[in-house]
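J.: This is input_23.cif (mmCIF, C-alpha atoms).
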data_my_file
loop_
_atom_site.group_PDB
_atom_site.id
_atom_site.type_symbol
_atom_site.label_atom_id
_atom_site.label_comp_id
_atom_site.auth_asym_id
_atom_site.auth_seq_id
_atom_site.Cartn_x
_atom_site.Cartn_y
_atom_site.Cartn_z
ATOM 1 C CA MET A 1 74.236 81.063 2.149
ATOM 2 C CA SER A 2 75.581 81.803 5.616
ATOM 3 C CA LEU A 3 78.945 83.500 6.149
ATOM 4 C CA TYR A 4 80.975 83.298 9.345
ATOM 5 C CA ARG A 5 83.891 85.208 10.860
ATOM 6 C CA ILE A 6 86.955 83.223 11.925
ATOM 7 C CA ARG A 7 86.109 83.283 15.626
ATOM 8 C CA THR A 8 82.705 81.713 14.954
ATOM 9 C CA VAL A 9 84.254 79.061 12.702
ATOM 10 C CA SER A 10 86.764 78.247 15.427
ATOM 11 C CA GLU A 11 83.916 77.740 17.909
ATOM 12 C CA LEU A 12 81.917 75.620 15.449
ATOM 13 C CA THR A 13 84.783 73.318 14.491
ATOM 14 C CA GLY A 14 86.993 73.259 17.579
ATOM 15 C CA VAL A 15 89.974 74.374 15.443
ATOM 16 C CA SER A 16 91.872 77.379 16.782
ATOM 17 C CA SER A 17 91.999 80.594 14.767
ATOM 18 C CA ALA A 18 95.800 80.289 14.524
ATOM 19 C CA THR A 19 95.481 76.793 13.039
ATOM 20 C CA LEU A 20 92.826 77.972 10.571
ATOM 21 C CA ARG A 21 95.150 80.708 9.339
ATOM 22 C CA ALA A 22 98.053 78.248 9.092
ATOM 23 C CA TRP A 23 96.015 75.717 7.084
ATOM 24 C CA GLU A 24 94.913 78.454 4.690
ATOM 25 C CA ARG A 25 98.457 79.799 4.274
ATOM 26 C CA ARG A 26 100.236 76.444 3.929
ATOM 27 C CA TYR A 27 97.691 74.158 2.268
ATOM 28 C CA GLY A 28 94.951 76.379 0.828
ATOM 29 C CA ILE A 29 92.377 74.791 3.175
ATOM 30 C CA PRO A 30 90.004 76.553 2.926
ATOM 31 C CA SER A 31 90.088 79.694 0.798
ATOM 32 C CA PRO A 32 87.624 82.098 2.454
ATOM 33 C CA SER A 33 86.381 85.288 0.890
ATOM 34 C CA ARG A 34 87.288 88.671 2.386
ATOM 35 C CA THR A 35 85.421 91.783 3.415
ATOM 36 C CA PRO A 36 86.602 95.188 2.132
ATOM 37 C CA SER A 37 88.448 95.444 5.461
ATOM 38 C CA ALA A 38 90.220 92.103 4.759
ATOM 39 C CA TYR A 39 88.339 90.103 7.382
ATOM 40 C CA ARG A 40 87.897 86.444 6.463
ATOM 41 C CA LEU A 41 84.355 85.235 5.708
ATOM 42 C CA TYR A 42 83.816 81.475 5.712
ATOM 43 C CA SER A 43 80.943 79.767 3.862
ATOM 44 C CA ASP A 44 79.140 76.587 4.909
ATOM 45 C CA ASP A 45 81.291 74.698 2.381
ATOM 46 C CA ASP A 46 84.428 76.172 3.966
ATOM 47 C CA VAL A 47 83.274 75.007 7.396
ATOM 48 C CA ALA A 48 82.572 71.507 6.062
ATOM 49 C CA LEU A 49 86.049 71.382 4.486
ATOM 50 C CA ILE A 50 87.668 72.465 7.748
ATOM 51 C CA MET A 51 85.820 69.710 9.620
ATOM 52 C CA LYS A 52 87.070 67.129 7.107
ATOM 53 C CA MET A 53 90.617 68.442 7.520
ATOM 54 C CA ARG A 54 90.302 68.339 11.306
ATOM 55 C CA ASP A 55 88.969 64.762 11.260
ATOM 56 C CA LEU A 56 91.756 63.550 8.981
ATOM 57 C CA VAL A 57 94.429 65.141 11.170
ATOM 58 C CA LYS A 58 92.835 63.733 14.327
ATOM 59 C CA GLY A 59 92.851 60.344 12.636
ATOM 60 C CA GLY A 60 96.643 60.521 12.324
ATOM 61 C CA MET A 61 97.120 61.947 8.829
ATOM 62 C CA ALA A 62 99.799 64.630 8.415
ATOM 63 C CA PRO A 63 98.264 68.080 7.741
ATOM 64 C CA ALA A 64 100.113 68.436 4.425
ATOM 65 C CA GLU A 65 98.849 65.036 3.252
ATOM 66 C CA ALA A 66 95.319 65.782 4.468
ATOM 67 C CA GLY A 67 95.298 69.110 2.629
ATOM 68 C CA LYS A 68 96.479 67.498 -0.602
ATOM 69 C CA HIS A 69 93.866 64.757 -0.253
ATOM 70 C CA LEU A 70 91.012 67.219 0.257
ATOM 71 C CA LEU A 71 92.023 69.460 -2.625
ATOM 72 C CA THR A 72 92.090 66.531 -5.064
ATOM 73 C CA GLU A 73 89.051 64.498 -3.928
ATOM 74 C CA PRO A 74 85.672 64.778 -5.732
ATOM 75 C CA LYS A 75 83.369 67.460 -4.352
ATOM 76 C CA ASP A 76 81.089 64.966 -2.642
ATOM 77 C CA GLY A 77 84.063 63.253 -1.032
ATOM 78 C CA VAL A 78 83.304 59.749 -2.348
ATOM 79 C CA SER A 79 84.161 57.806 -5.443
ATOM 80 C CA GLN A 80 81.930 58.452 -8.424
ATOM 81 C CA PRO A 81 79.786 55.601 -9.769
ATOM 82 C CA ALA A 82 79.776 54.788 -13.453
ATOM 83 C CA ALA A 83 76.533 54.525 -15.370
ATOM 84 C CA ASN A 84 76.369 50.774 -14.797
ATOM 85 C CA GLY A 85 76.677 51.238 -11.028
ATOM 86 C CA VAL A 86 80.331 50.141 -10.824
ATOM 87 C CA HIS A 87 82.640 52.518 -8.958
ATOM 88 C CA LEU A 88 85.247 54.203 -11.097
ATOM 89 C CA GLU A 89 87.782 53.869 -8.283
ATOM 90 C CA ASN A 90 87.847 51.527 -5.341
ATOM 91 C CA ASP A 91 86.455 53.203 -2.238
ATOM 92 C CA PRO A 92 88.079 51.473 0.765
ATOM 93 C CA TYR A 93 85.131 52.304 3.024
ATOM 94 C CA THR A 94 82.619 50.716 0.659
ATOM 95 C CA ALA A 95 84.894 47.723 0.072
ATOM 96 C CA ALA A 96 85.206 47.184 3.831
ATOM 97 C CA CYS A 97 81.422 47.395 4.203
ATOM 98 C CA ASP A 98 81.010 44.765 1.475
ATOM 99 C CA ARG A 99 83.452 42.406 3.191
ATOM 100 C CA ILE A 100 81.730 42.798 6.577
ATOM 101 C CA VAL A 101 78.339 42.028 5.053
ATOM 102 C CA GLU A 102 79.731 39.023 3.173
ATOM 103 C CA ALA A 103 81.389 37.609 6.325
ATOM 104 C CA THR A 104 78.052 37.969 8.109
ATOM 105 C CA ARG A 105 76.230 36.234 5.268
ATOM 106 C CA ARG A 106 78.719 33.332 5.396
ATOM 107 C CA PHE A 107 78.381 33.222 9.210
ATOM 108 C CA ASP A 108 82.158 33.459 9.516
ATOM 109 C CA PRO A 109 82.922 35.058 12.919
ATOM 110 C CA ASP A 110 86.718 34.975 12.548
ATOM 111 C CA THR A 111 86.678 36.799 9.217
ATOM 112 C CA LEU A 112 84.039 39.197 10.536
ATOM 113 C CA GLU A 113 86.211 40.115 13.534
ATOM 114 C CA ASP A 114 89.226 40.538 11.268
ATOM 115 C CA GLU A 115 87.434 42.738 8.755
ATOM 116 C CA VAL A 116 85.902 44.939 11.445
ATOM 117 C CA SER A 117 89.324 45.364 13.081
ATOM 118 C CA LYS A 118 90.779 46.475 9.757
ATOM 119 C CA THR A 119 88.236 49.299 9.518
ATOM 120 C CA LEU A 120 89.994 51.075 12.387
ATOM 121 C CA THR A 121 92.837 51.976 10.012
ATOM 122 C CA LEU A 122 90.638 53.560 7.337
ATOM 123 C CA GLY A 123 90.426 57.111 8.682
ATOM 124 C CA PRO A 124 88.567 59.296 11.193
ATOM 125 C CA ALA A 125 86.115 57.515 13.486
ATOM 126 C CA VAL A 126 83.073 59.404 12.211
ATOM 127 C CA SER A 127 83.922 58.451 8.606
ATOM 128 C CA ILE A 128 84.354 54.804 9.606
ATOM 129 C CA PHE A 129 80.862 54.807 11.062
ATOM 130 C CA GLU A 130 79.085 56.818 8.381
ATOM 131 C CA ARG A 131 80.718 55.120 5.387
ATOM 132 C CA THR A 132 81.379 51.560 6.611
ATOM 133 C CA ILE A 133 79.854 50.403 9.896
ATOM 134 C CA GLY A 134 76.561 52.294 9.629
ATOM 135 C CA PRO A 135 75.833 51.117 6.058
ATOM 136 C CA ALA A 136 76.872 47.562 7.019
ATOM 137 C CA LEU A 137 74.420 47.542 9.919
ATOM 138 C CA THR A 138 71.646 48.792 7.636
ATOM 139 C CA ARG A 139 72.339 46.156 4.997
ATOM 140 C CA ILE A 140 72.576 43.368 7.579
ATOM 141 C CA GLY A 141 69.290 44.489 9.123
ATOM 142 C CA ASP A 142 67.638 44.518 5.699
ATOM 143 C CA MET A 143 68.970 41.010 5.015
ATOM 144 C CA TRP A 144 67.524 39.751 8.284
ATOM 145 C CA HIS A 145 64.116 41.337 7.621
ATOM 146 C CA ALA A 146 64.114 39.769 4.150
ATOM 147 C CA GLY A 147 64.898 36.331 5.595
ATOM 148 C CA ALA A 148 68.279 36.169 3.837
ATOM 149 C CA ILE A 149 70.147 35.613 7.120
ATOM 150 C CA THR A 150 69.140 34.222 10.505
ATOM 151 C CA VAL A 151 68.712 36.074 13.770
ATOM 152 C CA ALA A 152 71.933 34.413 14.970
ATOM 153 C CA GLN A 153 73.880 35.972 12.107
ATOM 154 C CA GLU A 154 72.302 39.377 12.716
ATOM 155 C CA HIS A 155 73.064 39.218 16.451
ATOM 156 C CA LEU A 156 76.666 38.169 15.831
ATOM 157 C CA ALA A 157 77.262 41.099 13.500
ATOM 158 C CA SER A 158 75.511 43.563 15.818
ATOM 159 C CA ASN A 159 77.631 42.498 18.784
ATOM 160 C CA VAL A 160 80.915 42.665 16.879
ATOM 161 C CA LEU A 161 80.102 46.006 15.261
ATOM 162 C CA GLY A 162 78.636 47.385 18.488
ATOM 163 C CA GLY A 163 81.815 46.593 20.402
ATOM 164 C CA THR A 164 83.826 48.399 17.756
ATOM 165 C CA LEU A 165 81.597 51.476 17.991
ATOM 166 C CA ILE A 166 82.062 51.621 21.766
ATOM 167 C CA HIS A 167 85.830 51.476 21.209
ATOM 168 C CA LEU A 168 85.728 54.143 18.499
ATOM 169 C CA LEU A 169 83.669 56.515 20.622
ATOM 170 C CA ARG A 170 86.060 56.145 23.528
ATOM 171 C CA LEU A 171 89.051 56.904 21.301
ATOM 172 C CA ALA A 172 87.356 59.833 19.573
ATOM 173 C CA GLN A 173 86.507 61.808 22.724
ATOM 174 C CA PRO A 174 88.165 65.260 22.393
ATOM 175 C CA ALA A 175 90.507 65.822 25.326
ATOM 176 C CA ASP A 176 90.057 69.600 25.272
ATOM 177 C CA ALA A 177 86.269 69.668 24.848
ATOM 178 C CA THR A 178 84.437 72.474 26.616
ATOM 179 C CA ARG A 179 80.953 71.202 25.711
ATOM 180 C CA ARG A 180 79.166 67.957 26.537
ATOM 181 C CA ILE A 181 76.203 66.067 25.135
ATOM 182 C CA ALA A 182 74.260 63.373 26.972
ATOM 183 C CA LEU A 183 72.926 60.714 24.587
ATOM 184 C CA ALA A 184 70.114 58.290 25.366
ATOM 185 C CA CYS A 185 67.389 56.211 23.767
ATOM 186 C CA PHE A 186 63.715 56.770 24.489
ATOM 187 C CA ALA A 187 62.339 54.840 27.441
ATOM 188 C CA ASP A 188 60.922 52.030 25.253
ATOM 189 C CA GLU A 189 63.792 51.996 22.733
ATOM 190 C CA ASP A 190 66.349 49.151 22.562
ATOM 191 C CA HIS A 191 68.119 50.056 19.286
ATOM 192 C CA VAL A 192 71.259 51.712 20.601
ATOM 193 C CA LEU A 193 73.916 51.206 17.895
ATOM 194 C CA GLY A 194 72.874 54.240 15.850
ATOM 195 C CA LEU A 195 73.314 56.353 18.963
ATOM 196 C CA TYR A 196 77.055 55.635 18.898
ATOM 197 C CA GLY A 197 77.162 57.090 15.401
ATOM 198 C CA VAL A 198 75.478 60.224 16.745
ATOM 199 C CA GLY A 199 78.085 60.339 19.496
ATOM 200 C CA LEU A 200 80.901 60.121 16.947
ATOM 201 C CA ARG A 201 79.387 62.972 14.929
ATOM 202 C CA PHE A 202 79.179 65.186 18.019
ATOM 203 C CA THR A 203 82.767 64.358 19.029
ATOM 204 C CA SER A 204 83.816 65.545 15.566
ATOM 205 C CA TRP A 205 82.060 68.824 16.418
ATOM 206 C CA GLY A 206 84.088 69.155 19.621
ATOM 207 C CA TYR A 207 81.628 67.720 22.158
ATOM 208 C CA ARG A 208 82.472 65.212 24.854
ATOM 209 C CA THR A 209 79.839 62.470 24.825
ATOM 210 C CA LEU A 210 78.073 61.011 27.842
ATOM 211 C CA MET A 211 76.461 57.766 26.651
ATOM 212 C CA LEU A 212 73.445 56.629 28.683
ATOM 213 C CA GLY A 213 72.221 53.963 26.252
ATOM 214 C CA ALA A 214 68.956 52.126 25.743
ATOM 215 C CA ARG A 215 65.636 52.576 27.581
ATOM 216 C CA THR A 216 66.525 55.766 29.454
ATOM 217 C CA PRO A 217 63.451 57.156 31.255
ATOM 218 C CA PRO A 218 62.822 60.895 31.716
ATOM 219 C CA PRO A 219 63.734 60.865 35.453
ATOM 220 C CA ALA A 220 67.211 59.589 34.522
ATOM 221 C CA ILE A 221 67.607 62.473 32.065
ATOM 222 C CA ALA A 222 66.536 64.932 34.763
ATOM 223 C CA ARG A 223 69.209 63.524 37.087
ATOM 224 C CA VAL A 224 71.874 63.891 34.413
ATOM 225 C CA VAL A 225 70.807 67.468 33.645
ATOM 226 C CA ASP A 226 70.854 68.436 37.320
ATOM 227 C CA SER A 227 74.094 66.644 38.230
ATOM 228 C CA LEU A 228 76.265 66.854 35.103
ATOM 229 C CA ALA A 229 74.855 69.947 33.333
ATOM 230 C CA PRO A 230 75.370 68.861 29.694
ATOM 231 C CA ASP A 231 75.115 71.541 27.021
ATOM 232 C CA VAL A 232 72.665 69.435 25.026
ATOM 233 C CA VAL A 233 70.668 66.218 25.437
ATOM 234 C CA GLY A 234 70.280 63.943 22.414
ATOM 235 C CA LEU A 235 67.472 61.379 22.328
ATOM 236 C CA SER A 236 67.034 58.565 19.814
ATOM 237 C CA VAL A 237 63.877 56.702 18.783
ATOM 238 C CA SER A 238 63.731 54.154 15.970
ATOM 239 C CA ILE A 239 60.254 52.755 16.549
ATOM 240 C CA PRO A 240 57.756 55.471 17.533
ATOM 241 C CA PRO A 241 55.550 54.724 20.543
ATOM 242 C CA PRO A 242 51.756 54.868 20.061
ATOM 243 C CA PRO A 243 50.424 58.469 20.071
ATOM 244 C CA PRO A 244 49.313 58.758 23.714
ATOM 245 C CA ARG A 245 52.581 57.301 24.951
ATOM 246 C CA ALA A 246 54.633 59.323 22.471
ATOM 247 C CA ARG A 247 53.143 62.647 23.546
ATOM 248 C CA GLU A 248 53.537 61.697 27.194
ATOM 249 C CA LEU A 249 57.227 60.896 26.705
ATOM 250 C CA VAL A 250 57.931 64.070 24.714
ATOM 251 C CA ASP A 251 56.418 66.188 27.474
ATOM 252 C CA ALA A 252 58.306 64.272 30.150
ATOM 253 C CA TYR A 253 61.660 64.622 28.373
ATOM 254 C CA ALA A 254 61.062 68.323 27.749
ATOM 255 C CA ASP A 255 60.396 68.816 31.463
ATOM 256 C CA ALA A 256 63.453 66.727 32.375
ATOM 257 C CA CYS A 257 65.736 68.816 30.149
ATOM 258 C CA ARG A 258 64.487 72.059 31.738
ATOM 259 C CA THR A 259 66.499 74.869 30.074
ATOM 260 C CA THR A 260 69.032 72.529 28.436
ATOM 261 C CA ALA A 261 68.956 72.265 24.636
ATOM 262 C CA TRP A 262 67.556 68.914 23.476
ATOM 263 C CA VAL A 263 67.263 67.132 20.153
ATOM 264 C CA VAL A 264 65.459 63.994 19.004
ATOM 265 C CA GLY A 265 66.614 61.859 16.075
ATOM 266 C CA GLY A 266 66.047 58.471 14.497
ATOM 267 C CA GLU A 267 63.472 57.028 12.123
ATOM 268 C CA GLY A 268 60.707 57.325 14.711
ATOM 269 C CA ALA A 269 61.283 61.019 15.447
ATOM 270 C CA GLU A 270 59.535 62.487 12.406
ATOM 271 C CA GLY A 271 56.081 61.408 13.576
ATOM 272 C CA MET A 272 56.611 63.360 16.806
ATOM 273 C CA ARG A 273 58.073 66.491 15.201
ATOM 274 C CA ALA A 274 55.134 68.785 16.034
ATOM 275 C CA TRP A 275 55.151 67.795 19.712
ATOM 276 C CA ILE A 276 58.952 68.049 19.975
ATOM 277 C CA GLU A 277 59.095 71.498 18.403
ATOM 278 C CA ASP A 278 56.092 72.665 20.422
ATOM 279 C CA ARG A 279 58.110 71.938 23.582
ATOM 280 C CA GLY A 280 61.234 73.734 22.347
ATOM 281 C CA GLY A 281 63.205 70.719 21.111
ATOM 282 C CA ILE A 282 64.784 70.078 17.707
ATOM 283 C CA CYS A 283 63.641 67.155 15.573
ATOM 284 C CA VAL A 284 66.599 66.104 13.412
ATOM 285 C CA GLY A 285 65.036 62.937 11.993
ATOM 286 C CA LYS A 286 67.718 60.884 10.227
ATOM 287 C CA ASP A 287 69.798 63.841 8.958
ATOM 288 C CA LEU A 288 71.811 65.062 11.930
ATOM 289 C CA ALA A 289 74.506 66.856 9.941
ATOM 290 C CA ALA A 290 71.956 69.085 8.188
ATOM 291 C CA SER A 291 70.698 70.299 11.579
ATOM 292 C CA ARG A 292 74.083 71.289 12.968
ATOM 293 C CA GLN A 293 73.685 75.047 12.650
ATOM 294 C CA THR A 294 70.234 74.918 14.263
ATOM 295 C CA ILE A 295 71.618 72.847 17.142
ATOM 296 C CA GLU A 296 74.589 75.176 17.613
ATOM 297 C CA ARG A 297 72.359 78.244 17.685
ATOM 298 C CA LEU A 298 70.060 76.669 20.274
ATOM 299 C CA VAL A 299 72.990 75.559 22.443
ATOM 300 C CA ALA A 300 74.507 79.053 22.244
ATOM 301 C CA SER A 301 71.210 80.717 23.183
ATOM 302 C CA LYS A 302 70.764 78.381 26.148
ATOM 303 C CA ARG A 303 74.290 79.140 27.343
ATOM 304 C CA ARG A 304 73.623 82.873 27.283
ATOM 305 C CA ARG A 305 70.356 82.532 29.153
ATOM 306 C CA PRO A 306 70.764 82.785 32.943
ATOM 307 C CA ALA A 307 69.496 79.829 34.955
ATOM 308 C CA ARG A 308 66.102 80.350 36.544
ATOM 309 C CA LYS A 309 66.088 80.592 40.316
ATOM 310 C CA ASP A 310 63.332 78.593 41.987
#
Now that the file is in, can you turn its structure into structure tokens?
T.:
Amino acid sequence: MSLYRIRTVSELTGVSSATLRAWERRYGIPSPSRTPSAYRLYSDDDVALIMKMRDLVKGGMAPAEAGKHLLTEPKDGVSQPAANGVHLENDPYTAACDRIVEATRRFDPDTLEDEVSKTLTLGPAVSIFERTIGPALTRIGDMWHAGAITVAQEHLASNVLGGTLIHLLRLAQPADATRRIALACFADEDHVLGLYGVGLRFTSWGYRTLMLGARTPPPAIARVVDSLAPDVVGLSVSIPPPPPRARELVDAYADACRTTAWVVGGEGAEGMRAWIEDRGGICVGKDLAASRQTIERLVASKRRRPARKD
């Protein structure tokens, strides 16, 4: 288990050291251990709790209410299912997801718009995506693949939900961010909605997001790196290209990123892991949150490294 000093936790979460001390003193969020010299040592669980607290406060919840909520919620942060699969308590995120899927199934655009609008009041933007909009998109996609809904229904839902994600990402941008991430899909990739979820996760980590979108070729990434100097480049691929093309693109993106940290995620990333890691990138697959510490270490090492002079 990793342990962090307060300055490191402040850098990881974007929460000032003074605020961390105040939350601990007033609300018991978190309760770090201490060294013999009384220095605070924060665990990974402490860092995760701080990020939840930060997201709730950013979403408009009073710190005292957020602290009380976090101290009383189940450890996994979601309602617990009973043995028969029925939730013991109504999870508003899951309920909203169910209503969005049902409105899509009924092909009811007015109700769909209304239900999606209501999600904006549920909590922090990243939670809205990860617990409501993201699962709804997955379920709607599965329904379309199974022939349970038509392509018209799937497109309607994707457009409504996609517009909401664009709005959420714009609202979630941290005004005081000192780091930036450029996000783009692979050159042959059209599936862009998941990339907005990635953007929301990085904004919750204190990054300002530059969204480039679908089908972004390596030369465009090189231009962004040279002109805007992001701290990290994030690339998404849902459907992996055939091997020769995949290796060619990985090499081209690695060259385009130069000394900038870069990560590749999405369902299609795993098949390219060896090539990505061979060129100094990070393959996060579908579990971005689990790779946070690796990403932060790489970004920090790149920042310390002086730029090469040609």
J.: To one decimal place in Å, what is the distance between CA of Ile140 (chain A) and CA of Cys283 (chain A)?
T.: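 That distance, rounded to one decimal, is 26.6 Å.
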J.: Give me, as a PyMOL selection string, all polymer residues having an atom no more than 9 Å from Glu267 (chain A), counting all atoms listed in the file and skipping those fewer than 3 positions away in the same chain.
T.: chain A and resi 236-240+270-271+285-286
J.: Interatomic distance between CA of Lys302 (chain A) and CA of Glu11 (chain A)?
T.: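 Computed distance, CA of Lys302 (chain A) to CA of Glu11 (chain A), equals 15.5 Å.
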J.: Which one of A:Pro92, A:Pro30, A:Gly14, A:Pro174 sits closest to Gly59 (chain A) if you count all atoms listed in the file?
T.: A:Pro174
J.: For each of A:Arg279, A:Tyr207, A:Phe202, A:Tyr4, take the minimum atom-to-atom distance to Asp176 (chain A), counting all atoms listed in the file, then give the residue where this is smallest.
T.: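 Under the stated criterion, the closest residue is A:Tyr207.
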J.: Taking the file as I've supplied it (selection: the PyMOL selection byres ((chain A and resi 93-106) around 9)), which residues are included? Please answer as a PyMOL selection string.
T.: chain A and resi 90-92+107-113+115-116+118-119+122+127-128+131-137+139-140+143+148-149+153-154+156-157
J.: Of the candidates A:Glu296, A:Glu189, A:Asp251, A:Asp142, which one gets nearest to Gly280 (chain A) if we count all atoms listed in the file?
T.: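 When distances to Gly280 (chain A) are compared using all atoms listed in the file, the smallest one comes from A:Asp251.
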J.: To one decimal place, how far is CA of Gly281 (chain A) from CA of Leu200 (chain A) in Å?
T.: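 These atoms are spaced 21.0 Å apart.
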J.: Hey, what's within 10 Å of Trp23 (chain A) if we count all atoms listed in the file and toss same-chain stuff fewer than 5 positions away? As a list in words, please?
T.: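 My reading of the contact set: Ser17, Ala18, Gly28, Ile29, Pro30, Ser31, Ile50, Met53, Pro63, Ala64 and Gly67 of chain A.
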J.: List, as an mmCIF file with C-alpha atoms, in the coordinates of the input, every residue that the PyMOL selection byres ((chain A and resi 218-222) around 6) selects in the file provided.
T.:
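Contents of out-v6.cif, freshly written:
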data_model
loop_
_atom_site.group_PDB
_atom_site.id
_atom_site.type_symbol
_atom_site.label_atom_id
_atom_site.label_comp_id
_atom_site.auth_asym_id
_atom_site.auth_seq_id
_atom_site.Cartn_x
_atom_site.Cartn_y
_atom_site.Cartn_z
ATOM 1 C CA PRO A 217 63.451 57.156 31.255
ATOM 2 C CA ARG A 223 69.209 63.524 37.087
ATOM 3 C CA VAL A 224 71.874 63.891 34.413
ATOM 4 C CA VAL A 225 70.807 67.468 33.645
ATOM 5 C CA ALA A 252 58.306 64.272 30.150
ATOM 6 C CA TYR A 253 61.660 64.622 28.373
ATOM 7 C CA ALA A 256 63.453 66.727 32.375
#
J.: Name the residues that the PyMOL selection byres ((chain A and resi 197) around 9) pulls out of this structure, and write them as JSON, numbers by chain.
T.: {"A": [126, 129, 130, 134, 165, 169, 193, 194, 195, 196, 198, 199, 200, 201, 202]}
J.: For Thr178 (chain A), please output as a CSV table (one decimal) with C-alpha atoms, in the frame of the given file all residues within 12 Å (counting all atoms listed in the file; exclusion window: fewer than 6 positions along the same chain).
T.:
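Written file, result.csv:
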chain,number,residue,atom,x,y,z
A,11,GLU,CA,83.9,77.7,17.9
A,12,LEU,CA,81.9,75.6,15.4
A,14,GLY,CA,87.0,73.3,17.6
A,203,THR,CA,82.8,64.4,19.0
A,205,TRP,CA,82.1,68.8,16.4
A,206,GLY,CA,84.1,69.2,19.6
A,207,TYR,CA,81.6,67.7,22.2
A,208,ARG,CA,82.5,65.2,24.9
A,209,THR,CA,79.8,62.5,24.8
A,229,ALA,CA,74.9,69.9,33.3
A,230,PRO,CA,75.4,68.9,29.7
A,231,ASP,CA,75.1,71.5,27.0
J.: Using only C-alpha atoms, which residues sit within 9 Å of region 39-47 of chain A once same-chain residues fewer than 3 positions away are excluded, as a ChimeraX atom specification?
T.: /A:1-6,9,12-13,29-36,50-52
J.: Can you tell me which residues surround Leu249 (chain A) at a distance of at most 10 Å, considering all atoms listed in the file, apart from same-chain residues fewer than 6 positions away, and format the answer as a PyMOL selection string?
T.: chain A and resi 186-188+217-218+241+243+255+276
J.: Looking at A:Leu228, A:Leu120, A:Ala300, A:Val263, which one is nearest to Leu288 (chain A), with distances taken over all atoms listed in the file?
T.: A:Val263
J.: Would you mind telling me which residue in A:Val57, A:Leu168, A:Leu212, A:Met272 lies nearest to Cys185 (chain A) when using all atoms listed in the file?
T.: A:Leu212
J.: Working from the structure I just supplied, which lacks atoms in region 113-117 of chain A, can you model all heavy atoms there and output them as a short mmCIF file (atom, residue, chain, number, x, y, z; two decimals), in the coordinates of the input?
T.:
data_model
loop_
_atom_site.label_atom_id
_atom_site.label_comp_id
_atom_site.auth_asym_id
_atom_site.auth_seq_id
_atom_site.Cartn_x
_atom_site.Cartn_y
_atom_site.Cartn_z
N GLU A 113 85.39 39.40 12.55
CA GLU A 113 86.21 40.12 13.53
C GLU A 113 87.42 40.77 12.85
O GLU A 113 87.76 41.92 13.14
CB GLU A 113 86.68 39.15 14.62
CG GLU A 113 85.59 38.65 15.54
CD GLU A 113 85.35 39.57 16.72
OE1 GLU A 113 85.92 40.68 16.74
OE2 GLU A 113 84.59 39.17 17.62
N ASP A 114 88.04 40.03 11.95
CA ASP A 114 89.23 40.54 11.27
C ASP A 114 88.89 41.74 10.39
O ASP A 114 89.59 42.76 10.42
CB ASP A 114 89.84 39.42 10.43
CG ASP A 114 91.15 39.84 9.78
OD1 ASP A 114 92.02 40.36 10.50
OD2 ASP A 114 91.29 39.65 8.55
N GLU A 115 87.81 41.64 9.65
CA GLU A 115 87.43 42.74 8.76
C GLU A 115 87.02 43.98 9.53
O GLU A 115 87.35 45.11 9.15
CB GLU A 115 86.31 42.31 7.82
CG GLU A 115 86.69 41.24 6.80
CD GLU A 115 87.76 41.72 5.84
OE1 GLU A 115 87.97 42.95 5.72
OE2 GLU A 115 88.36 40.87 5.18
N VAL A 116 86.30 43.79 10.63
CA VAL A 116 85.90 44.94 11.44
C VAL A 116 87.13 45.60 12.07
O VAL A 116 87.22 46.83 12.13
CB VAL A 116 84.90 44.50 12.53
CG1 VAL A 116 84.63 45.64 13.50
CG2 VAL A 116 83.58 44.07 11.88
N SER A 117 88.10 44.79 12.51
CA SER A 117 89.32 45.36 13.08
C SER A 117 90.07 46.20 12.06
O SER A 117 90.64 47.25 12.38
CB SER A 117 90.23 44.25 13.60
OG SER A 117 89.63 43.57 14.68
#
